[in-house]
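What follows is the content of data12.tsv (TSV, C-alpha atoms).
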```
chain	number	residue	atom	x	y	z
X	638	MET	CA	68.90	-215.33	-222.95
X	639	ALA	CA	69.10	-214.29	-226.43
X	640	ARG	CA	65.61	-213.27	-226.62
X	641	LYS	CA	65.28	-210.02	-228.29
X	642	ARG	CA	64.10	-207.24	-226.10
X	643	LYS	CA	61.29	-205.48	-227.68
X	644	LYS	CA	61.17	-201.86	-227.02
X	645	ARG	CA	58.02	-201.30	-225.03
X	646	LYS	CA	56.54	-198.11	-223.94
X	647	VAL	CA	56.40	-197.79	-220.14
X	648	MET	CA	52.86	-197.68	-218.97
X	649	PRO	CA	52.21	-194.47	-217.06
X	650	LEU	CA	51.64	-195.10	-213.38
X	651	ASN	CA	48.18	-194.31	-212.22
X	652	GLY	CA	48.71	-191.61	-209.64
X	653	ALA	CA	45.12	-190.96	-208.80
X	654	ALA	CA	45.25	-192.99	-205.58
X	655	LEU	CA	48.38	-191.22	-204.37
X	656	ALA	CA	46.39	-188.15	-203.45
X	657	ASP	CA	43.98	-190.28	-201.45
X	658	ILE	CA	46.79	-191.96	-199.54
X	659	SER	CA	48.45	-188.68	-198.68
X	660	PHE	CA	45.13	-187.22	-197.62
X	661	LEU	CA	44.74	-190.15	-195.29
X	662	PHE	CA	48.14	-189.41	-193.79
X	663	LEU	CA	47.29	-185.76	-193.48
X	664	ILE	CA	44.07	-186.48	-191.63
X	665	PHE	CA	45.88	-188.88	-189.34
X	666	PHE	CA	48.40	-186.21	-188.39
X	667	LEU	CA	45.75	-183.58	-188.00
X	668	LEU	CA	43.84	-185.75	-185.56
X	669	THR	CA	46.80	-186.94	-183.54
X	670	ALA	CA	48.29	-183.46	-183.30
X	671	THR	CA	45.24	-181.85	-181.70
X	672	MET	CA	44.39	-184.76	-179.45
X	673	ASP	CA	46.83	-183.97	-176.70
X	674	VAL	CA	45.69	-180.48	-175.78
X	675	ASP	CA	46.26	-179.89	-172.12
X	676	SER	CA	43.73	-177.84	-170.24
X	677	GLY	CA	43.50	-176.95	-166.61
X	678	LEU	CA	42.81	-174.39	-163.93
X	679	PRO	CA	45.69	-171.93	-163.82
X	680	ARG	CA	46.91	-170.74	-160.45
X	681	GLN	CA	49.64	-168.50	-159.18
X	682	LEU	CA	51.50	-169.81	-156.16
X	683	PRO	CA	52.76	-167.39	-153.54
X	684	ARG	CA	56.48	-166.81	-153.25
X	685	PRO	CA	58.27	-168.94	-150.72
X	686	VAL	CA	58.64	-167.25	-147.37
X	687	GLN	CA	61.47	-167.76	-144.98
X	688	GLU	CA	59.49	-167.43	-141.79
X	689	ASP	CA	55.81	-167.57	-141.15
X	690	VAL	CA	54.27	-164.21	-141.69
X	691	SER	CA	50.97	-164.01	-139.94
X	692	MET	CA	48.48	-161.51	-141.18
X	693	GLU	CA	45.71	-159.97	-139.19
X	694	ILE	CA	42.55	-160.25	-141.18
X	695	GLU	CA	39.25	-159.07	-139.87
X	696	ARG	CA	36.74	-161.82	-139.48
X	697	ARG	CA	34.22	-160.19	-141.78
X	698	ASN	CA	36.76	-160.24	-144.60
X	699	MET	CA	37.39	-163.96	-144.41
X	700	PHE	CA	35.59	-166.59	-146.38
X	701	VAL	CA	36.87	-170.00	-145.38
X	702	VAL	CA	36.12	-173.09	-147.42
X	703	MET	CA	37.31	-176.27	-145.83
X	704	VAL	CA	37.28	-179.68	-147.44
X	705	ASN	CA	37.74	-182.54	-145.02
X	706	ARG	CA	38.82	-186.15	-145.40
X	707	TYR	CA	35.27	-187.33	-146.12
X	708	ASP	CA	35.02	-184.73	-148.89
X	709	GLN	CA	32.53	-182.78	-146.82
X	710	ILE	CA	32.74	-179.06	-147.34
X	711	GLN	CA	32.37	-176.48	-144.66
X	712	VAL	CA	31.90	-172.83	-145.49
X	713	THR	CA	32.35	-170.23	-142.79
X	714	ASN	CA	32.26	-166.50	-142.82
X	715	MET	CA	30.76	-164.02	-140.46
X	716	HIS	CA	27.58	-163.73	-142.47
X	717	VAL	CA	26.59	-167.32	-142.96
X	718	GLY	CA	27.91	-170.80	-142.40
X	719	GLU	CA	27.07	-173.97	-144.23
X	720	ILE	CA	28.09	-177.57	-144.30
X	721	TYR	CA	27.78	-179.50	-147.52
X	722	GLU	CA	27.71	-183.23	-146.93
X	723	ASN	CA	29.29	-184.11	-150.27
X	724	THR	CA	30.55	-182.50	-153.44
X	725	ASP	CA	27.15	-182.70	-155.14
X	726	GLU	CA	25.54	-180.43	-152.58
X	727	ILE	CA	27.75	-177.43	-153.35
X	728	PHE	CA	25.72	-176.89	-156.48
X	729	GLY	CA	22.79	-176.11	-154.21
X	730	THR	CA	19.97	-178.15	-152.76
X	731	SER	CA	16.43	-177.28	-151.79
X	732	THR	CA	17.58	-176.00	-148.42
X	733	LYS	CA	21.16	-174.96	-149.07
X	734	ALA	CA	22.26	-172.16	-151.36
X	735	SER	CA	25.07	-173.12	-153.72
X	736	LEU	CA	28.67	-172.37	-152.90
X	737	LYS	CA	28.89	-170.22	-156.01
X	738	ASP	CA	26.07	-167.94	-154.85
X	739	LYS	CA	27.64	-167.62	-151.43
X	740	VAL	CA	30.93	-166.58	-152.97
X	741	LYS	CA	29.18	-164.02	-155.16
X	742	GLU	CA	27.27	-162.58	-152.21
X	743	PHE	CA	30.52	-162.37	-150.27
X	744	VAL	CA	32.47	-160.72	-153.06
X	745	LEU	CA	29.88	-158.12	-153.94
X	746	ASN	CA	28.41	-157.23	-150.53
X	747	GLU	CA	25.72	-155.35	-152.38
X	748	SER	CA	23.75	-154.20	-149.36
X	749	ASN	CA	26.87	-153.15	-147.43
X	750	LEU	CA	26.37	-155.50	-144.51
X	751	GLY	CA	28.68	-155.39	-141.53
X	752	THR	CA	29.11	-159.13	-141.67
X	753	LEU	CA	30.47	-159.13	-145.22
X	754	PRO	CA	33.82	-157.65	-146.32
X	755	ALA	CA	34.38	-153.92	-146.02
X	756	LEU	CA	33.70	-151.84	-149.11
X	757	GLU	CA	36.21	-149.29	-150.34
X	758	GLU	CA	35.95	-146.75	-153.10
X	759	GLN	CA	38.42	-147.23	-155.90
X	760	ASP	CA	38.82	-145.73	-159.36
X	761	PHE	CA	39.09	-148.29	-162.13
X	762	GLY	CA	39.18	-145.89	-165.06
X	763	ASP	CA	36.62	-145.42	-167.79
X	764	PRO	CA	34.03	-146.79	-168.23
X	765	ILE	CA	33.92	-148.54	-164.86
X	766	GLY	CA	34.73	-145.38	-162.93
X	767	VAL	CA	34.75	-145.11	-159.17
X	768	GLN	CA	33.15	-148.15	-157.63
X	769	LEU	CA	32.72	-149.64	-154.23
X	770	THR	CA	34.73	-152.83	-154.07
X	771	THR	CA	35.85	-155.46	-151.63
X	772	GLY	CA	38.86	-156.24	-153.77
X	773	ASN	CA	41.56	-155.14	-151.36
X	774	THR	CA	40.02	-156.41	-148.18
X	775	ARG	CA	38.47	-159.79	-148.80
X	776	VAL	CA	40.26	-163.10	-148.70
X	777	ILE	CA	38.87	-166.42	-149.78
X	778	SER	CA	40.75	-169.18	-148.11
X	779	LEU	CA	40.61	-172.72	-149.38
X	780	GLN	CA	41.76	-175.22	-146.80
X	781	ASN	CA	42.03	-178.94	-146.99
X	782	ASP	CA	42.98	-181.88	-144.91
X	783	ALA	CA	45.93	-184.14	-145.69
X	784	THR	CA	43.65	-186.96	-146.81
X	785	THR	CA	41.18	-184.88	-148.81
X	786	SER	CA	40.83	-186.32	-152.29
X	787	TYR	CA	42.11	-184.30	-155.20
X	788	ARG	CA	38.75	-184.77	-156.92
X	789	ALA	CA	36.81	-182.97	-154.19
X	790	TYR	CA	39.45	-180.27	-154.02
X	791	MET	CA	39.15	-179.65	-157.74
X	792	VAL	CA	35.35	-179.54	-157.63
X	793	VAL	CA	35.51	-176.81	-154.99
X	794	GLN	CA	38.35	-175.01	-156.76
X	795	ASN	CA	36.28	-175.07	-159.94
X	796	GLU	CA	33.20	-173.63	-158.22
X	797	LEU	CA	35.25	-170.75	-156.82
X	798	VAL	CA	36.63	-169.97	-160.26
X	799	ARG	CA	33.18	-170.28	-161.76
X	800	ALA	CA	31.80	-167.72	-159.30
X	801	PHE	CA	34.45	-165.23	-160.36
X	802	ASN	CA	34.02	-165.97	-164.05
X	803	GLU	CA	30.30	-165.28	-163.77
X	804	LEU	CA	30.88	-162.07	-161.83
X	805	ARG	CA	33.34	-160.89	-164.45
X	806	GLN	CA	30.94	-161.79	-167.18
X	807	ASP	CA	28.21	-159.73	-165.48
X	808	ALA	CA	30.56	-156.78	-165.02
X	809	SER	CA	31.64	-157.01	-168.64
X	810	ARG	CA	28.01	-156.95	-169.76
X	811	ARG	CA	27.30	-154.01	-167.52
X	812	PHE	CA	30.27	-151.80	-168.39
X	813	PHE	CA	31.27	-152.85	-171.89
X	814	ASN	CA	28.05	-154.34	-173.21
X	815	THR	CA	29.79	-157.44	-174.52
X	816	ASN	CA	30.88	-160.83	-173.29
X	817	TYR	CA	34.03	-161.16	-171.24
X	818	ASP	CA	35.60	-163.35	-173.95
X	819	GLU	CA	35.22	-160.61	-176.54
X	820	LEU	CA	36.94	-157.87	-174.56
X	821	THR	CA	40.32	-156.50	-175.51
X	822	THR	CA	43.25	-157.32	-173.25
X	823	ALA	CA	43.20	-153.86	-171.69
X	824	GLN	CA	39.49	-154.04	-170.96
X	825	ARG	CA	39.89	-157.50	-169.53
X	826	GLU	CA	42.62	-156.27	-167.21
X	827	GLN	CA	40.31	-153.52	-166.05
X	828	ILE	CA	37.61	-156.03	-165.18
X	829	ASP	CA	40.13	-158.31	-163.49
X	830	ARG	CA	41.33	-155.39	-161.40
X	831	PHE	CA	37.73	-154.63	-160.47
X	832	LEU	CA	37.08	-158.26	-159.51
X	833	PRO	CA	40.40	-159.76	-158.50
X	834	GLN	CA	40.41	-163.48	-157.90
X	835	ARG	CA	42.04	-163.62	-154.53
X	836	ILE	CA	41.97	-167.21	-153.43
X	837	SER	CA	44.50	-168.25	-150.87
X	838	GLU	CA	45.42	-171.89	-150.77
X	839	ALA	CA	46.44	-172.48	-147.22
X	840	GLU	CA	49.22	-174.81	-146.29
X	841	PRO	CA	47.57	-178.10	-145.47
X	842	ARG	CA	46.84	-178.92	-141.91
X	843	ASP	CA	46.82	-182.49	-140.83
X	844	PHE	CA	43.61	-182.88	-138.90
X	845	SER	CA	43.33	-186.63	-139.16
X	846	GLY	CA	46.92	-187.70	-138.77
X	847	GLY	CA	47.17	-188.57	-142.47
X	848	ARG	CA	45.26	-191.82	-142.08
M	324	MET	CA	35.12	-181.45	-221.20
M	325	PRO	CA	38.87	-181.97	-220.87
M	326	GLU	CA	39.93	-183.80	-217.74
M	327	MET	CA	41.74	-181.75	-215.15
M	328	ASN	CA	45.34	-182.65	-214.56
M	329	THR	CA	45.57	-183.85	-210.97
M	330	ALA	CA	49.16	-184.98	-211.11
M	331	THR	CA	50.33	-182.18	-208.81
M	332	LEU	CA	47.64	-182.77	-206.22
M	333	PRO	CA	49.65	-185.38	-204.28
M	334	ASP	CA	52.62	-183.02	-204.22
M	335	MET	CA	50.54	-180.30	-202.70
M	336	VAL	CA	49.03	-182.58	-200.11
M	337	PHE	CA	52.46	-183.90	-199.26
M	338	ALA	CA	53.68	-180.37	-198.73
M	339	VAL	CA	50.89	-179.73	-196.22
M	340	LEU	CA	51.57	-183.10	-194.64
M	341	PHE	CA	55.24	-182.31	-194.13
M	342	PHE	CA	54.31	-178.97	-192.65
M	343	PHE	CA	52.16	-180.67	-190.04
M	344	MET	CA	54.73	-183.34	-189.37
M	345	VAL	CA	57.40	-180.75	-188.71
M	346	THR	CA	55.32	-178.35	-186.63
M	347	THR	CA	53.63	-180.84	-184.34
M	348	THR	CA	55.82	-181.79	-181.46
M	349	MET	CA	54.87	-185.32	-180.63
M	350	ARG	CA	55.41	-186.07	-177.02
M	351	THR	CA	57.51	-189.16	-176.82
M	352	GLU	CA	57.24	-189.37	-173.06
M	353	THR	CA	55.32	-192.44	-172.04
M	354	VAL	CA	53.09	-191.95	-169.08
M	355	MET	CA	54.00	-194.41	-166.36
M	356	VAL	CA	51.23	-193.60	-163.93
M	357	ARG	CA	47.50	-194.10	-164.23
M	358	LEU	CA	45.93	-190.71	-164.79
M	359	ASN	CA	42.25	-190.33	-164.32
M	360	LEU	CA	42.10	-186.56	-164.40
M	361	PRO	CA	39.42	-184.70	-162.44
M	362	THR	CA	36.77	-182.82	-164.37
M	363	ALA	CA	36.19	-179.10	-164.25
M	364	SER	CA	34.03	-176.76	-166.26
M	365	GLU	CA	36.14	-173.61	-166.03
M	366	VAL	CA	39.30	-175.01	-167.56
M	367	VAL	CA	41.38	-172.95	-169.95
M	368	LYS	CA	43.54	-174.36	-172.69
M	369	LEU	CA	47.25	-174.15	-172.11
M	370	GLU	CA	48.90	-172.37	-174.97
M	371	ARG	CA	52.52	-172.56	-176.04
M	372	LYS	CA	53.32	-176.16	-175.33
M	373	SER	CA	57.05	-175.53	-175.20
M	374	LEU	CA	56.59	-173.52	-172.00
M	375	ILE	CA	54.81	-176.29	-170.16
M	376	THR	CA	56.52	-178.71	-167.83
M	377	TYR	CA	54.55	-181.74	-166.80
M	378	ILE	CA	54.39	-183.50	-163.48
M	379	ASN	CA	52.42	-186.74	-163.49
M	380	ILE	CA	51.07	-188.04	-160.22
M	381	GLY	CA	49.14	-191.25	-159.72
M	382	PRO	CA	49.38	-194.95	-159.00
M	383	PRO	CA	51.91	-196.74	-161.23
M	384	MET	CA	50.72	-198.43	-164.43
M	385	ASP	CA	52.74	-201.47	-163.52
M	386	TYR	CA	50.72	-203.29	-160.89
M	387	ARG	CA	53.85	-204.92	-159.52
M	388	LEU	CA	54.90	-201.53	-158.20
M	389	GLY	CA	51.91	-201.36	-155.90
M	390	THR	CA	49.06	-198.89	-155.72
M	391	GLY	CA	50.76	-196.11	-153.79
M	392	THR	CA	50.92	-192.63	-155.29
M	393	GLN	CA	54.01	-192.10	-157.40
M	394	MET	CA	55.30	-189.11	-159.26
M	395	GLN	CA	56.79	-189.20	-162.70
M	396	LEU	CA	59.22	-186.57	-163.89
M	397	ASN	CA	60.44	-187.05	-167.45
M	398	ASP	CA	60.70	-190.79	-167.92
M	399	ARG	CA	61.29	-192.01	-164.42
M	400	PHE	CA	59.71	-192.11	-161.00
M	401	ALA	CA	60.96	-189.45	-158.65
M	402	ASP	CA	60.64	-188.08	-155.15
M	403	ILE	CA	59.40	-184.70	-154.03
M	404	ALA	CA	63.04	-183.80	-153.37
M	405	ASP	CA	63.84	-184.20	-157.08
M	406	ILE	CA	61.38	-181.52	-158.16
M	407	GLN	CA	63.75	-178.64	-157.57
M	408	ASP	CA	66.46	-180.10	-159.83
M	409	TYR	CA	63.90	-181.02	-162.44
M	410	ILE	CA	62.46	-177.50	-162.54
M	411	THR	CA	65.92	-175.95	-162.72
M	412	GLN	CA	66.82	-178.24	-165.58
M	413	GLU	CA	63.58	-177.58	-167.47
M	414	ARG	CA	63.91	-173.86	-166.95
M	415	ALA	CA	67.45	-173.88	-168.28
M	416	SER	CA	66.24	-175.48	-171.48
M	417	LEU	CA	64.02	-172.48	-172.21
M	418	SER	CA	65.25	-169.25	-173.68
M	419	GLU	CA	65.79	-166.45	-171.21
M	420	ALA	CA	62.84	-164.47	-172.51
M	421	ASP	CA	60.51	-167.41	-172.00
M	422	GLN	CA	61.66	-168.42	-168.55
M	423	PRO	CA	59.24	-166.21	-166.58
M	424	PHE	CA	56.35	-167.75	-168.50
M	425	MET	CA	57.18	-171.32	-167.67
M	426	THR	CA	54.08	-173.14	-166.48
M	427	VAL	CA	54.00	-176.37	-164.56
M	428	SER	CA	51.03	-178.54	-165.35
M	429	ILE	CA	50.17	-180.84	-162.47
M	430	LYS	CA	48.51	-183.89	-163.93
M	431	ALA	CA	47.25	-185.81	-160.97
M	432	ASP	CA	44.91	-188.74	-160.65
M	433	GLU	CA	41.68	-187.70	-158.98
M	434	GLU	CA	42.11	-190.25	-156.20
M	435	THR	CA	45.37	-188.67	-155.07
M	436	ARG	CA	45.40	-187.42	-151.49
M	437	MET	CA	45.88	-183.70	-151.07
M	438	SER	CA	48.89	-184.11	-148.81
M	439	TYR	CA	50.87	-185.32	-151.81
M	440	ILE	CA	49.69	-182.45	-154.00
M	441	SER	CA	50.50	-179.98	-151.25
M	442	ASP	CA	54.02	-181.35	-150.92
M	443	VAL	CA	54.47	-180.92	-154.66
M	444	LYS	CA	53.14	-177.38	-154.46
M	445	GLN	CA	55.51	-176.49	-151.65
M	446	ALA	CA	58.42	-177.92	-153.63
M	447	LEU	CA	57.39	-175.87	-156.66
M	448	ARG	CA	57.25	-172.74	-154.53
M	449	GLN	CA	60.76	-173.42	-153.29
M	450	ALA	CA	61.88	-173.85	-156.89
M	451	TYR	CA	60.19	-170.56	-157.84
M	452	ALA	CA	57.93	-172.28	-160.34
M	453	LEU	CA	54.94	-170.20	-159.35
M	454	ARG	CA	52.78	-170.51	-162.44
M	455	ILE	CA	50.96	-173.77	-162.18
M	456	SER	CA	47.92	-175.35	-163.70
M	457	TYR	CA	45.80	-178.12	-162.26
M	458	SER	CA	45.21	-180.28	-165.27
M	459	ALA	CA	41.58	-181.30	-165.73
M	460	ARG	CA	39.20	-182.60	-168.31
M	461	ARG	CA	36.49	-180.28	-169.52
M	462	SER	CA	33.05	-181.28	-168.34
M	463	GLN	CA	29.63	-180.42	-169.79
```

As C-alpha cells, how would this structure be written, given the file I've shared?
Amino acid sequence: MARKRKKRKVMPLNGAALADISFLFLIFFLLTATMDVDSGLPRQLPRPVQEDVSMEIERRNMFVVMVNRYDQIQVTNMHVGEIYENTDEIFGTSTKASLKDKVKEFVLNESNLGTLPALEEQDFGDPIGVQLTTGNTRVISLQNDATTSYRAYMVVQNELVRAFNELRQDASRRFFNTNYDELTTAQREQIDRFLPQRISEAEPRDFSGGR
Amino acid sequence: MPEMNTATLPDMVFAVLFFFMVTTTMRTETVMVRLNLPTASEVVKLERKSLITYINIGPPMDYRLGTGTQMQLNDRFADIADIQDYITQERASLSEADQPFMTVSIKADEETRMSYISDVKQALRQAYALRISYSARRSQ
C-alpha cells in the first residue's frame, strides 16, 4: 500500500435534502400529536351518600326520561307524555315533537302552566336582571334499565345537553347580543346560573332481570 | 441574484421538531378492548391531558378471551372493585393543586350494557372521582 495519497479536497455534502427530511418528520409528529384528542360529554357525579336520602319532588317539577332494554324512550311529565319507539324518533317525527323541544318547553315554562315546573323570581345580575326561572325547582331525571345499550343512553344524554346548549345560546343572544362561545367566563357563569343543567342520573333499576 | 444560504434551515426545523417531540406526550398504553365509541354532537374537547384518567370498557381485542364486557385500567384487565385503588393511585400521581380537577374519561364501546357503566359510575362516586366525561366521537 505504498500508493501515494493525493490530497483531495472533500466534496461539500449537499444538505438541501436535509431540510426536506426534517420537514417530513415534523409533519409526522404534528399529525400524530393531534390525532388522539379525547372529547366527550362532561358530567358531575353526585357525592356518595351513606343512606338513601329520598327527596319529595312535586310531580310538575319532574321530567322523567326512561330508556328501556329495547332502546325505546319514554318521556313523562305532568304536562305531556311520549313514547319514542327508537333512538331516531327523539329527533321528532311528523306526529311526535322532538325530545329537545319537550325539554325546552319544560325548562322555560313560558306560559306559566300549572303542569310545568313552578316559576320563581331570581336576580341574576346585570344585564339579565330579575327573571322568572324554574332553575331551583325542576329536575330532569334520566333513568335506564340494566340492559339498555350505552349507545341509546348517549343519544338521549346528548339530546338533553343539546337542549340546554341551545337555550343558553338563545339567552346569550338575548342578553349579551353575542354567541355563547364568545362570552367571557363571568358572563358564561351568569348564563349557566340562569339556565342550570340539572340532570339527575338515577341509580339503575333492573326491570328486566339483567337478561 | 445570489443564492440564499439555506444551510441553517435544517437546524431550525430540527429545533421545532425537538420541541414537538418533547412536548407531545405519546400514550404508550395499548388499548386491549375493542372501542367503538358512541357519537354525540355536543361533545367538548378535554383539555389538559395530564389531568385525565382513562377507563376503557368493551369486549377484549383478543377473541380467545370471549366477547364479554371487560374493563381495562392501565395495561391490564380489572374488576369494578379495582377502580378505587386505581383512582387513588392516579390521583396521588398528580400535584396537590391539580387533584380537584382530575377527570375520568369513560371510554366505553357503544354496545356495552348500562348496568356495567352504572357499576363503574358507582365505584367512581365511592372513590370521589366525581368529574367524569363520557367519551364520544363528534358527529355531523

Up to 8 Å from chain X, what residues of chain M turn up? Count all atoms listed in the file and give them as a PDB file with C-alpha atoms, keeping the file's coordinate frame.
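Saved result, iface-v9.pdb, follows:
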```pdb
ATOM      1  CA  THR M 329      45.570-183.850-210.970  1.00  0.00           C
ATOM      2  CA  ALA M 330      49.160-184.980-211.110  1.00  0.00           C
ATOM      3  CA  LEU M 332      47.640-182.770-206.220  1.00  0.00           C
ATOM      4  CA  PRO M 333      49.650-185.380-204.280  1.00  0.00           C
ATOM      5  CA  VAL M 336      49.030-182.580-200.110  1.00  0.00           C
ATOM      6  CA  PHE M 337      52.460-183.900-199.260  1.00  0.00           C
ATOM      7  CA  VAL M 339      50.890-179.730-196.220  1.00  0.00           C
ATOM      8  CA  LEU M 340      51.570-183.100-194.640  1.00  0.00           C
ATOM      9  CA  PHE M 343      52.160-180.670-190.040  1.00  0.00           C
ATOM     10  CA  MET M 344      54.730-183.340-189.370  1.00  0.00           C
ATOM     11  CA  THR M 347      53.630-180.840-184.340  1.00  0.00           C
ATOM     12  CA  THR M 348      55.820-181.790-181.460  1.00  0.00           C
ATOM     13  CA  MET M 349      54.870-185.320-180.630  1.00  0.00           C
ATOM     14  CA  PRO M 361      39.420-184.700-162.440  1.00  0.00           C
ATOM     15  CA  THR M 362      36.770-182.820-164.370  1.00  0.00           C
ATOM     16  CA  ALA M 363      36.190-179.100-164.250  1.00  0.00           C
ATOM     17  CA  SER M 364      34.030-176.760-166.260  1.00  0.00           C
ATOM     18  CA  GLU M 365      36.140-173.610-166.030  1.00  0.00           C
ATOM     19  CA  VAL M 366      39.300-175.010-167.560  1.00  0.00           C
ATOM     20  CA  VAL M 367      41.380-172.950-169.950  1.00  0.00           C
ATOM     21  CA  LYS M 368      43.540-174.360-172.690  1.00  0.00           C
ATOM     22  CA  LEU M 369      47.250-174.150-172.110  1.00  0.00           C
ATOM     23  CA  SER M 428      51.030-178.540-165.350  1.00  0.00           C
ATOM     24  CA  ALA M 431      47.250-185.810-160.970  1.00  0.00           C
ATOM     25  CA  ASP M 432      44.910-188.740-160.650  1.00  0.00           C
ATOM     26  CA  GLU M 433      41.680-187.700-158.980  1.00  0.00           C
ATOM     27  CA  GLU M 434      42.110-190.250-156.200  1.00  0.00           C
ATOM     28  CA  THR M 435      45.370-188.670-155.070  1.00  0.00           C
ATOM     29  CA  ARG M 436      45.400-187.420-151.490  1.00  0.00           C
ATOM     30  CA  MET M 437      45.880-183.700-151.070  1.00  0.00           C
ATOM     31  CA  SER M 438      48.890-184.110-148.810  1.00  0.00           C
ATOM     32  CA  TYR M 439      50.870-185.320-151.810  1.00  0.00           C
ATOM     33  CA  ILE M 440      49.690-182.450-154.000  1.00  0.00           C
ATOM     34  CA  SER M 441      50.500-179.980-151.250  1.00  0.00           C
ATOM     35  CA  LYS M 444      53.140-177.380-154.460  1.00  0.00           C
ATOM     36  CA  ARG M 448      57.250-172.740-154.530  1.00  0.00           C
ATOM     37  CA  GLN M 449      60.760-173.420-153.290  1.00  0.00           C
ATOM     38  CA  TYR M 451      60.190-170.560-157.840  1.00  0.00           C
ATOM     39  CA  LEU M 453      54.940-170.200-159.350  1.00  0.00           C
ATOM     40  CA  ARG M 454      52.780-170.510-162.440  1.00  0.00           C
ATOM     41  CA  ILE M 455      50.960-173.770-162.180  1.00  0.00           C
ATOM     42  CA  SER M 456      47.920-175.350-163.700  1.00  0.00           C
ATOM     43  CA  TYR M 457      45.800-178.120-162.260  1.00  0.00           C
ATOM     44  CA  SER M 458      45.210-180.280-165.270  1.00  0.00           C
ATOM     45  CA  ALA M 459      41.580-181.300-165.730  1.00  0.00           C
ATOM     46  CA  ARG M 460      39.200-182.600-168.310  1.00  0.00           C
ATOM     47  CA  ARG M 461      36.490-180.280-169.520  1.00  0.00           C
TER      48      ARG M 461
END
```

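With atom CA of Ser735 of chain X on one side and atom CA of Val712 of chain X on the other, the separation reads 10.7 Å.
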
For Gln827 of chain X, list every protein, DNA or RNA residue within 9 Å, evaluated using all atoms listed in the file, and leave out those in the same chain fewer than 4 positions away; present the list as a PyMOL selection string.
chain X and resi 761-762+765+822-823+831-832

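One finds atom CA of Val776 of chain X at 6.3 Å from atom CA of Phe700 of chain X.
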
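Take atom CA of Asn814 of chain X and atom CA of Gln768 of chain X: the distance between them is 17.5 Å.
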
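Restricting the calculation to all atoms listed in the file, the smallest distance between Asp829 of chain X and any of X:Tyr817, X:Tyr721, X:Tyr707, X:Phe728 is found for X:Tyr817.
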
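With distances taken over all atoms listed in the file, M:Leu374 is the one residue among M:Leu374, M:Ala404, M:Met355, M:Met335 lying closest to Pro423 of chain M.
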
12 Å contact set for Gln412 of chain M, all atoms listed in the file, chain neighbours under 3 positions out, as JSON, numbers by chain:
{"M": [376, 396, 397, 405, 406, 407, 408, 409, 415, 416, 417, 422, 450, 452]}

Env of segment 715-720 of chain X: 7 Å cut, atoms = only C-alpha atoms, seq-sep filter 2 positions within chain, self excluded. Answer as a VMD selection string.
chain X and resid 696 to 697 710 to 713 722 752 to 753
